[in-house]
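Shown below: input.txt, with compact mmCIF, C-alpha atoms.
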```
# COMPACT_ATOMS: atom_id res chain seq x y z
CA MET A 236 92.38 128.05 -17.14
CA GLY A 237 91.32 131.40 -15.71
CA HIS A 238 91.28 134.70 -17.48
CA ARG A 239 94.55 136.57 -17.86
CA PRO A 240 95.43 138.95 -15.02
CA ALA A 241 96.69 141.84 -17.06
CA THR A 242 94.34 143.95 -19.00
CA GLU A 243 91.85 141.30 -18.13
CA HIS A 244 89.57 141.88 -21.11
CA ARG A 245 92.28 141.43 -23.72
CA ARG A 246 91.16 139.35 -26.72
CA ILE A 247 87.73 138.76 -25.20
CA LYS A 248 85.39 140.12 -27.84
CA LEU A 249 82.86 142.13 -25.93
CA ARG A 250 79.49 142.37 -27.63
CA GLY A 251 77.50 145.33 -26.43
CA GLY A 252 77.77 147.13 -23.12
CA LEU A 253 76.59 146.06 -19.70
CA PRO A 254 74.43 142.91 -19.79
CA ARG A 255 70.75 143.69 -20.28
CA ALA A 256 69.85 142.48 -16.81
CA VAL A 257 71.65 145.49 -15.36
CA ALA A 258 71.10 147.93 -18.18
CA GLY A 259 67.40 148.18 -17.42
CA LEU A 260 67.74 148.69 -13.70
CA SER A 261 66.91 151.96 -12.03
CA ALA A 262 68.92 153.35 -9.14
CA VAL A 263 65.79 153.16 -7.03
CA ALA A 264 65.55 149.41 -7.49
CA LEU A 265 69.19 149.00 -6.67
CA LEU A 266 69.01 150.99 -3.48
CA LEU A 267 65.86 149.59 -1.94
CA ALA A 268 66.25 149.53 1.81
CA GLY A 269 67.01 146.10 3.17
CA CYS A 270 68.05 144.64 -0.20
CA GLY A 271 71.43 143.16 -1.00
CA SER A 272 73.52 140.23 0.10
CA GLY A 273 74.73 139.34 3.54
CA ASP A 274 72.85 138.20 6.61
CA ALA A 275 71.37 140.74 8.98
CA ASP A 276 73.47 141.25 12.08
CA ALA A 277 72.90 138.35 14.41
CA GLU A 278 72.32 138.92 18.09
CA ASP A 279 75.86 137.82 18.84
CA GLY A 280 77.29 140.36 16.39
CA GLU A 281 78.43 137.88 13.77
CA VAL A 282 78.38 139.02 10.13
CA THR A 283 78.52 137.08 6.85
CA LEU A 284 79.75 138.75 3.65
CA SER A 285 79.63 137.29 0.16
CA PHE A 286 82.61 137.87 -2.14
CA THR A 287 82.90 137.10 -5.86
CA TRP A 288 85.90 137.20 -8.19
CA TRP A 289 87.17 135.75 -11.46
CA GLY A 290 90.55 134.25 -12.19
CA SER A 291 92.84 131.28 -12.44
CA GLU A 292 93.23 128.42 -10.00
CA ALA A 293 96.29 130.14 -8.51
CA ARG A 294 94.22 133.26 -7.85
CA HIS A 295 91.43 131.23 -6.26
CA GLN A 296 93.91 129.59 -3.90
CA ASN A 297 95.58 132.88 -3.00
CA THR A 298 92.25 134.57 -2.39
CA GLN A 299 91.04 131.80 -0.12
CA GLU A 300 94.23 132.11 1.92
CA ILE A 301 93.65 135.86 2.25
CA ILE A 302 90.07 135.17 3.37
CA ASP A 303 91.37 132.70 5.96
CA ALA A 304 93.86 135.27 7.26
CA PHE A 305 91.15 137.92 7.50
CA GLU A 306 88.73 135.62 9.31
CA GLU A 307 91.43 134.66 11.78
CA GLU A 308 91.95 138.34 12.59
CA HIS A 309 88.19 139.07 12.51
CA PRO A 310 86.47 135.96 13.93
CA GLU A 311 83.13 137.77 13.98
CA ILE A 312 83.12 138.09 10.15
CA THR A 313 82.64 135.17 7.76
CA ILE A 314 83.41 135.52 4.04
CA GLU A 315 81.42 133.34 1.64
CA PRO A 316 83.47 132.95 -1.58
CA THR A 317 82.22 132.51 -5.14
CA TYR A 318 84.62 132.48 -8.06
CA ARG A 319 84.40 131.99 -11.80
CA GLU A 320 86.37 132.40 -14.96
CA TRP A 321 85.91 135.65 -16.90
CA ASP A 322 83.43 134.09 -19.30
CA GLY A 323 80.05 134.21 -17.62
CA TYR A 324 81.22 136.34 -14.70
CA TRP A 325 79.54 139.54 -15.85
CA ASP A 326 76.27 137.91 -16.89
CA SER A 327 76.06 136.30 -13.46
CA LEU A 328 76.83 139.57 -11.66
CA ALA A 329 74.26 141.43 -13.76
CA THR A 330 71.57 138.89 -12.93
CA GLN A 331 72.36 139.07 -9.21
CA THR A 332 72.36 142.85 -9.28
CA ALA A 333 69.05 142.98 -11.12
CA GLY A 334 67.55 140.73 -8.44
CA ASN A 335 68.89 142.93 -5.60
CA ASP A 336 71.11 140.04 -4.57
CA ALA A 337 74.54 141.35 -5.56
CA PRO A 338 77.53 140.04 -3.59
CA ASP A 339 78.68 142.29 -0.78
CA ILE A 340 82.21 142.46 -2.20
CA ILE A 341 82.91 142.35 -5.94
CA GLN A 342 86.09 142.04 -7.95
CA MET A 343 85.54 144.74 -10.57
CA ASP A 344 87.06 145.59 -13.96
CA GLU A 345 87.57 149.17 -15.15
CA LEU A 346 85.40 148.59 -18.23
CA TYR A 347 82.37 147.97 -16.03
CA LEU A 348 83.09 150.24 -13.07
CA ARG A 349 81.19 153.30 -14.29
CA GLU A 350 78.38 151.19 -15.70
CA TYR A 351 77.66 149.84 -12.21
CA ALA A 352 78.60 152.97 -10.27
CA ASP A 353 76.52 155.39 -12.32
CA ARG A 354 73.45 153.20 -11.86
CA GLY A 355 73.83 153.37 -8.08
CA ALA A 356 74.89 149.74 -7.70
CA LEU A 357 78.17 150.39 -5.86
CA LEU A 358 79.10 151.69 -2.42
CA ASP A 359 81.33 154.75 -1.95
CA LEU A 360 84.43 153.25 -0.30
CA ALA A 361 85.30 156.34 1.70
CA GLU A 362 86.42 154.32 4.74
CA VAL A 363 89.14 152.35 2.94
CA ASP A 364 92.65 153.68 3.65
CA VAL A 365 94.35 154.65 0.37
CA SER A 366 96.97 156.94 1.91
CA GLN A 367 99.82 154.73 0.68
CA PHE A 368 98.51 154.69 -2.90
CA GLU A 369 99.82 156.97 -5.65
CA GLU A 370 97.10 159.55 -6.33
CA THR A 371 96.49 158.55 -9.94
CA VAL A 372 95.94 154.96 -8.78
CA VAL A 373 93.21 156.11 -6.41
CA ASP A 374 91.63 158.28 -9.08
CA SER A 375 91.36 155.33 -11.46
CA GLY A 376 88.55 153.99 -9.27
CA ARG A 377 86.81 157.31 -8.73
CA THR A 378 83.93 158.95 -10.58
CA GLU A 379 82.20 162.22 -9.81
CA GLY A 380 80.07 160.36 -7.25
CA GLY A 381 82.85 158.91 -5.14
CA LEU A 382 85.41 156.12 -4.84
CA TYR A 383 83.69 153.02 -6.18
CA GLY A 384 86.69 150.80 -6.84
CA VAL A 385 89.89 150.29 -4.84
CA THR A 386 92.79 149.07 -6.93
CA ILE A 387 94.23 145.72 -5.89
CA GLY A 388 97.00 145.51 -8.50
CA ILE A 389 98.75 147.94 -10.79
CA ASN A 390 100.25 147.53 -14.25
CA ALA A 391 101.72 149.88 -16.79
CA PHE A 392 101.63 149.63 -20.55
CA THR A 393 105.15 148.87 -21.69
CA MET A 394 107.11 148.18 -24.86
CA LEU A 395 108.56 144.68 -24.52
CA ALA A 396 111.79 144.12 -26.43
CA ASN A 397 113.49 140.83 -27.21
CA PRO A 398 117.21 141.40 -26.52
CA ASP A 399 118.20 138.26 -28.44
CA LEU A 400 116.62 139.59 -31.65
CA PHE A 401 118.24 142.99 -31.17
CA GLU A 402 121.63 141.27 -30.81
CA GLU A 403 120.99 139.08 -33.85
CA ALA A 404 120.11 142.16 -35.91
CA GLY A 405 123.12 144.11 -34.64
CA VAL A 406 120.85 146.86 -33.29
CA GLU A 407 121.31 148.41 -29.86
CA LEU A 408 118.38 148.65 -27.48
CA PRO A 409 117.04 152.21 -27.39
CA ASP A 410 117.44 154.76 -24.66
CA ASP A 411 113.82 154.52 -23.60
CA THR A 412 113.92 157.85 -21.73
CA THR A 413 114.49 159.87 -24.89
CA TRP A 414 113.39 157.94 -27.98
CA THR A 415 110.75 159.29 -30.34
CA TRP A 416 108.18 157.70 -32.64
CA ASP A 417 110.50 158.51 -35.54
CA ASP A 418 113.24 156.56 -33.75
CA TYR A 419 110.80 153.71 -33.25
CA THR A 420 109.94 153.64 -36.95
CA GLU A 421 113.58 153.68 -38.05
CA MET A 422 114.51 151.00 -35.52
CA SER A 423 111.59 148.79 -36.58
CA GLN A 424 112.65 149.04 -40.22
CA GLU A 425 116.32 148.32 -39.42
CA LEU A 426 115.39 145.30 -37.31
CA SER A 427 113.15 143.91 -40.04
CA GLU A 428 115.86 144.36 -42.66
CA ASN A 429 118.49 142.60 -40.52
CA LEU A 430 116.38 139.68 -39.28
CA ASP A 431 115.67 136.65 -41.44
CA ASP A 432 112.44 135.40 -39.88
CA ALA A 433 111.20 138.28 -37.74
CA TRP A 434 110.00 141.86 -37.91
CA GLY A 435 110.96 144.89 -35.91
CA SER A 436 107.54 145.76 -34.50
CA GLY A 437 104.36 143.86 -33.76
CA ASN A 438 100.78 145.07 -33.71
CA PHE A 439 99.27 147.40 -31.09
CA ASP A 440 96.03 145.49 -30.58
CA GLU A 441 95.45 146.74 -27.04
CA THR A 442 93.46 149.83 -26.18
CA GLY A 443 96.57 150.71 -24.15
CA GLY A 444 98.45 151.59 -27.32
CA PHE A 445 95.71 153.93 -28.49
CA GLN A 446 95.38 155.39 -24.99
CA THR A 447 99.12 156.09 -24.91
CA TRP A 448 98.94 157.76 -28.31
CA VAL A 449 96.09 160.11 -27.35
CA ARG A 450 97.54 160.79 -23.88
CA GLN A 451 100.69 162.09 -25.56
CA ARG A 452 98.45 164.50 -27.44
CA GLY A 453 96.59 165.76 -24.40
CA GLY A 454 93.59 163.43 -24.53
CA HIS A 455 92.24 160.26 -22.96
CA LEU A 456 90.12 157.36 -24.10
CA SER A 457 87.28 158.70 -21.92
CA SER A 458 86.86 162.06 -20.24
CA GLU A 459 86.29 162.72 -16.54
CA GLU A 460 82.65 163.43 -17.40
CA GLY A 461 82.15 160.02 -18.98
CA GLU A 462 82.33 161.13 -22.61
CA LEU A 463 84.90 160.38 -25.30
CA GLY A 464 88.19 162.01 -24.37
CA PHE A 465 89.95 162.17 -27.74
CA ALA A 466 89.45 163.85 -31.11
CA VAL A 467 88.89 162.28 -34.51
CA GLU A 468 92.25 163.70 -35.56
CA ASP A 469 93.98 161.69 -32.81
CA ALA A 470 92.51 158.46 -34.16
CA GLN A 471 93.40 159.40 -37.73
CA SER A 472 97.06 160.07 -36.87
CA TYR A 473 97.20 156.77 -34.96
CA PHE A 474 95.90 154.79 -37.92
CA GLU A 475 98.18 156.68 -40.34
CA PHE A 476 101.23 155.87 -38.23
CA PHE A 477 100.59 152.12 -38.24
CA LEU A 478 99.67 151.95 -41.90
CA GLU A 479 102.91 153.72 -42.83
CA LEU A 480 104.91 151.53 -40.44
CA MET A 481 103.47 148.37 -41.98
CA ASN A 482 103.96 149.55 -45.55
CA SER A 483 107.59 150.43 -44.78
CA GLY A 484 108.28 146.85 -43.67
CA GLY A 485 108.55 147.66 -39.97
CA THR A 486 105.75 145.22 -39.08
CA PRO A 487 104.38 141.95 -40.42
CA PRO A 488 101.64 142.16 -43.06
CA ALA A 489 98.07 142.84 -42.01
CA SER A 490 97.03 139.19 -42.18
CA ALA A 491 99.77 138.13 -39.75
CA MET A 492 98.99 140.93 -37.32
CA SER A 493 95.28 140.19 -37.39
CA GLU A 494 96.00 136.54 -36.71
CA ASP A 495 98.33 137.49 -33.87
CA GLN A 496 95.53 139.47 -32.26
CA ALA A 497 93.33 136.37 -32.12
CA VAL A 498 95.71 134.03 -30.29
CA SER A 499 96.58 133.75 -26.63
CA PRO A 500 99.72 135.54 -25.36
CA ASP A 501 101.70 132.31 -25.04
CA GLN A 502 101.14 131.67 -28.76
CA SER A 503 101.80 135.22 -29.90
CA MET A 504 104.52 136.47 -32.22
CA THR A 505 106.29 137.83 -29.15
CA THR A 506 106.75 134.38 -27.65
CA THR A 507 107.59 132.70 -30.97
CA GLY A 508 110.36 135.25 -31.58
CA GLU A 509 108.79 136.74 -34.71
CA VAL A 510 108.72 140.37 -33.52
CA ALA A 511 111.50 142.25 -31.73
CA MET A 512 109.23 144.84 -30.10
CA ARG A 513 105.59 144.71 -29.09
CA PRO A 514 103.55 146.49 -26.39
CA TRP A 515 102.03 144.51 -23.53
CA TRP A 516 100.90 145.19 -19.99
CA SER A 517 103.79 144.96 -17.58
CA ASN A 518 102.68 141.94 -15.59
CA GLN A 519 102.15 139.95 -18.79
CA SER A 520 105.92 140.09 -19.30
CA VAL A 521 106.48 137.39 -16.68
CA ALA A 522 104.54 134.68 -18.52
CA LEU A 523 105.67 135.99 -21.92
CA SER A 524 109.34 135.79 -20.92
CA GLU A 525 108.83 132.25 -19.74
CA SER A 526 107.10 131.24 -22.99
CA ALA A 527 109.68 133.03 -25.15
CA GLY A 528 112.62 131.54 -23.28
CA VAL A 529 114.25 134.94 -22.88
CA ASP A 530 113.96 137.73 -20.31
CA LEU A 531 112.13 140.41 -22.28
CA GLU A 532 113.14 144.02 -21.62
CA LEU A 533 110.50 146.44 -20.35
CA LEU A 534 110.86 149.79 -22.10
CA ARG A 535 109.05 153.09 -21.82
CA PHE A 536 107.00 154.10 -24.85
CA PRO A 537 108.40 156.45 -27.48
CA SER A 538 106.94 159.96 -27.52
CA PRO A 539 106.55 162.71 -30.13
CA THR A 540 109.42 164.80 -28.69
CA GLY A 541 111.63 162.39 -26.75
CA GLU A 542 111.63 164.73 -23.77
CA PRO A 543 111.84 163.11 -20.32
CA GLY A 544 108.35 162.20 -19.10
CA ALA A 545 106.74 162.87 -22.49
CA ALA A 546 105.73 159.22 -22.84
CA GLU A 547 102.81 159.96 -20.46
CA PRO A 548 102.79 156.60 -18.64
CA TRP A 549 100.10 155.80 -16.12
CA TYR A 550 99.36 153.10 -13.61
CA LYS A 551 96.47 150.94 -14.76
CA SER A 552 94.41 149.07 -12.27
CA SER A 553 94.54 145.43 -13.26
CA MET A 554 91.32 145.13 -11.28
CA PHE A 555 89.44 146.66 -8.35
CA LEU A 556 87.52 145.60 -5.30
CA SER A 557 84.08 147.19 -5.04
CA ALA A 558 81.18 146.76 -2.63
CA SER A 559 77.49 146.54 -3.37
CA ALA A 560 75.44 149.61 -2.55
CA GLY A 561 72.84 147.20 -1.18
CA THR A 562 75.12 145.49 1.32
CA GLU A 563 73.72 145.33 4.83
CA HIS A 564 77.27 145.57 6.20
CA PRO A 565 79.07 148.49 4.55
CA GLU A 566 81.51 148.93 7.43
CA GLN A 567 82.63 145.29 7.43
CA ALA A 568 82.79 145.13 3.62
CA GLN A 569 85.17 148.09 3.61
CA GLU A 570 87.13 146.53 6.45
CA PHE A 571 87.76 143.45 4.31
CA ILE A 572 88.78 145.53 1.28
CA ASP A 573 91.14 147.53 3.50
CA PHE A 574 92.73 144.30 4.74
CA PHE A 575 93.10 143.03 1.17
CA VAL A 576 95.08 146.06 -0.03
CA ASN A 577 96.88 147.22 3.11
CA SER A 578 97.83 144.17 5.20
CA GLU A 579 101.19 142.42 5.11
CA GLU A 580 99.39 139.09 5.28
CA ALA A 581 97.48 139.70 2.04
CA ALA A 582 100.54 141.12 0.27
CA GLN A 583 102.68 138.14 1.18
CA ILE A 584 100.02 135.74 -0.10
CA ASP A 585 98.98 137.39 -3.37
CA ARG A 586 102.32 139.03 -4.18
CA ALA A 587 102.15 140.01 -7.87
CA GLU A 588 99.35 137.66 -8.98
CA ARG A 589 96.91 140.53 -9.56
CA GLY A 590 99.66 142.96 -10.53
CA ILE A 591 102.09 144.88 -8.33
CA PRO A 592 100.50 145.96 -4.99
CA PRO A 593 99.25 149.57 -5.13
CA ASN A 594 100.24 150.21 -1.50
CA ALA A 595 103.82 151.54 -1.66
CA GLU A 596 104.82 149.90 1.61
CA MET A 597 103.46 146.51 0.54
CA ARG A 598 105.14 146.91 -2.85
CA GLU A 599 108.49 147.41 -1.14
CA LEU A 600 107.80 144.43 1.11
CA ILE A 601 107.20 141.94 -1.71
CA SER A 602 109.84 143.40 -4.04
CA ALA A 603 112.51 142.18 -1.65
CA GLU A 604 111.30 138.62 -2.30
CA LEU A 605 110.88 138.80 -6.09
CA GLU A 606 113.43 137.75 -8.68
CA GLY A 607 113.84 137.45 -12.44
CA PRO A 608 110.98 138.79 -14.61
CA GLN A 609 108.76 139.48 -11.57
CA LEU A 610 111.46 141.68 -10.04
CA ALA A 611 111.92 143.43 -13.40
CA VAL A 612 108.22 144.32 -13.41
CA ALA A 613 108.38 145.70 -9.87
CA GLU A 614 111.46 147.75 -10.71
CA TYR A 615 109.85 149.09 -13.88
CA ILE A 616 106.71 150.13 -11.99
CA ASP A 617 108.88 151.97 -9.46
CA SER A 618 111.11 153.56 -12.12
CA ILE A 619 108.26 155.38 -13.89
CA GLU A 620 106.53 156.65 -10.75
CA GLY A 621 108.08 160.12 -11.04
CA GLU A 622 107.09 160.35 -14.72
CA LEU A 623 103.39 159.50 -14.45
CA GLY A 624 100.99 161.67 -16.36
CA GLU A 625 97.41 162.34 -15.38
CA SER A 626 95.34 159.39 -14.25
CA GLU A 627 93.30 157.67 -16.93
CA PRO A 628 89.61 158.44 -16.25
CA VAL A 629 87.17 155.63 -15.60
CA PRO A 630 85.90 154.41 -19.00
CA ALA A 631 82.66 155.97 -20.16
CA MET A 632 79.35 154.20 -19.74
CA GLY A 633 79.35 151.82 -22.68
CA GLY A 634 83.16 151.73 -22.67
CA SER A 635 83.18 147.94 -22.49
CA THR A 636 82.55 147.99 -26.26
CA PHE A 637 85.54 150.22 -27.08
CA PRO A 638 88.24 147.51 -27.44
CA ASP A 639 86.21 145.55 -29.97
CA ILE A 640 85.43 148.69 -31.96
CA LEU A 641 89.07 149.80 -32.00
CA TYR A 642 90.35 146.39 -33.12
CA ARG A 643 87.83 146.26 -35.95
CA TYR A 644 88.67 149.66 -37.44
CA HIS A 645 92.40 149.07 -36.93
CA ASP A 646 92.04 145.97 -39.12
CA GLU A 647 90.03 147.92 -41.69
CA VAL A 648 92.94 150.36 -42.04
CA LEU A 649 95.72 147.75 -42.15
CA PHE A 650 93.88 145.71 -44.78
CA GLU A 651 93.35 149.03 -46.62
CA ARG A 652 89.60 148.58 -46.80
CA MET A 653 89.20 152.04 -45.24
CA SER A 654 91.41 155.10 -45.22
CA PRO A 655 92.74 156.29 -41.84
CA ALA A 656 90.51 159.38 -42.08
CA ASP A 657 87.35 157.40 -42.84
CA ALA A 658 88.11 154.78 -40.19
CA ALA A 659 88.75 157.48 -37.58
CA GLU A 660 85.44 159.19 -38.33
CA ALA A 661 83.51 155.93 -38.27
CA MET A 662 85.19 154.63 -35.11
CA TYR A 663 84.55 157.89 -33.26
CA ALA A 664 80.89 157.91 -34.29
CA GLU A 665 80.39 154.27 -33.28
CA MET A 666 82.05 154.74 -29.89
CA GLN A 667 80.02 157.90 -29.36
CA SER A 668 76.83 155.96 -30.05
CA GLN A 669 77.77 153.50 -27.29
CA VAL A 670 78.26 156.21 -24.64
CA GLN A 671 75.14 156.14 -22.49
```

Translate this file's structure into structure tokens.
Amino acid sequence: MGHRPATEHRRIKLRGGLPRAVAGLSAVALLLAGCGSGDADAEDGEVTLSFTWWGSEARHQNTQEIIDAFEEEHPEITIEPTYREWDGYWDSLATQTAGNDAPDIIQMDELYLREYADRGALLDLAEVDVSQFEETVVDSGRTEGGLYGVTIGINAFTMLANPDLFEEAGVELPDDTTWTWDDYTEMSQELSENLDDAWGSGNFDETGGFQTWVRQRGGHLSSEEGELGFAVEDAQSYFEFFLELMNSGGTPPASAMSEDQAVSPDQSMTTTGEVAMRPWWSNQSVALSESAGVDLELLRFPSPTGEPGAAEPWYKSSMFLSASAGTEHPEQAQEFIDFFVNSEEAAQIDRAERGIPPNAEMRELISAELEGPQLAVAEYIDSIEGELGESEPVPAMGGSTFPDILYRYHDEVLFERMSPADAAEAMYAEMQSQVQ
């Protein structure tokens, strides 16, 4: 089974930042003339590009079909595929990069984008057409140095609600354009009181929940400059909110929430019908609805004021395509990436497997063929487009450690081993120490 195509790092406990093989590289070593993958141009003009990605068997099959379609349109270019599951993918890429043998084209995750880009390992993808992308989607792959990742699928963090549990509890679904965090608390408590074997709210064990919280207070997880983008006070208020919500009965006890964090989505309290509301990434709702046996409702997040647009949603790149700075064929590598994100052929093949297509025209094309939970995701993505806040900056160097750190201190607060204030201070300091 491949890694989950949502926030792809969810529940994978990341130990440390970029693998040591890359961490010790200098930009000079990465950019040595003549290094990198791909054969030199043959006399007949033929070019070979290597391409690596992670994912499930369905993704592998889709990607090979896209490669076949590209090669049919570009007979002078051959794509050599290599694919893996998430586990081991980054160690392998780090080793290849350290040996100046990185693949020409790389499926990239946001947690690692800056760590590779800032070390000079990635190509500026200035020739890829992103004119049909929403601006914040483009910015999610951009650092101060250039565009180093082109989004190939978009998601949004959403509050999933189980309509069957709301009906059982006699509670109406909220107006998600105006509800506040106070409304959320009261609704969670009412649901818990009226349900026999379920709670109103589940845990927020994704960085997306914390990101949403700090975005609504003017911050970000990381800043544009690659530093921490939030204040200690933001983290303290976040921890205080969840501790109070749990102690009021709005959520399961700490032990149940911690256990829920450690299981796969199809075994979570959302799919077993034990929580009425729980945040997930939008494209996870398809598999979750199937496992739960009910079409889960995608809701906007509450906000402090309930004013329209105050929820500060953003489009998250489920993943990117990047190119090695050492590729001998930068033009052809960008041509393939352009085909992947802008062609009807690729859109028809991959559809929503990597998230909703970022190209607005391709999104409209596939939406006409979607139904059920997949259509609901596409409609949700479209519905929030006019409400998007600022783009979420590329995670800081060392940001691959942030999820693990957040989960750990969140548990410390819920188990009441640390106060929200102490946990916020310690979490901030630890994340700051990881920023390189």

Identify the residues within 9 Å of coordinate (99.9, 165.4, -24.8) (same frame as the file), considering all atoms listed in the file, and give the answer as a VMD selection string. chain A and resid 448 to 454 539 545 to 547

Once 8 Å is added on each side, what are the centre and the three edge lengths, in Å to one decimal, of the axis-aligned box enclosing the listed atoms of region 484-503 of chain A? Present them as JSON.
```
{"center_x": 100.9, "center_y": 139.7, "center_z": -34.4, "size_x": 31.2, "size_y": 32.0, "size_z": 34.6}
```

Write out, as JSON lines, each residue of region 555-611 of chain A that has an atom at most 8 Å from region 333-338 of chain A, together with the closest pair of atoms and their distance in Å to one decimal, counting all atoms listed in the file, rows going by chain and rising number.
```
{"residue": "A:Ala558", "atom": "CA", "partner": "A:Pro338", "partner_atom": "CA", "distance": 7.7}
{"residue": "A:Ser559", "atom": "CA", "partner": "A:Ala337", "partner_atom": "CA", "distance": 6.4}
{"residue": "A:Gly561", "atom": "CA", "partner": "A:Asn335", "partner_atom": "CA", "distance": 7.3}
{"residue": "A:Thr562", "atom": "CA", "partner": "A:Pro338", "partner_atom": "CA", "distance": 7.7}
```

Please dump the current selection as a PDB file, in the coordinates of the input; keep C-alpha atoms.
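Below you can see result_32.pdb, which holds the result:
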```pdb
ATOM      1  CA  ALA A 558      81.180 146.760  -2.630  1.00  0.00           C
ATOM      2  CA  SER A 559      77.490 146.540  -3.370  1.00  0.00           C
ATOM      3  CA  GLY A 561      72.840 147.200  -1.180  1.00  0.00           C
ATOM      4  CA  THR A 562      75.120 145.490   1.320  1.00  0.00           C
TER       5      THR A 562
END
```

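Relative to CA of Ile640 (chain A), CA of Pro487 (chain A) is found at 21.8 Å.
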
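CA of Leu346 (chain A) is positioned 10.8 Å from CA of Phe555 (chain A).
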
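The gap separating CA of Tyr419 (chain A) from CA of Ser499 (chain A) is 25.4 Å, in Å to one decimal.
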
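If only C-alpha atoms are the atoms counted, then among A:Pro514, A:Gly290, A:Gly437, A:Gly607 the closest residue to Thr486 (chain A) is A:Gly437.
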
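Proximity to Glu459 (chain A) was assessed for A:Thr317, A:Ser618, A:Ser635, A:Thr378 counting all atoms listed in the file; the smallest distance is recorded for A:Thr378.
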
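Closest approach to Gln496 (chain A) among A:Glu462, A:Ile619, A:Phe439, A:Ile389: A:Phe439, based on only C-alpha atoms.
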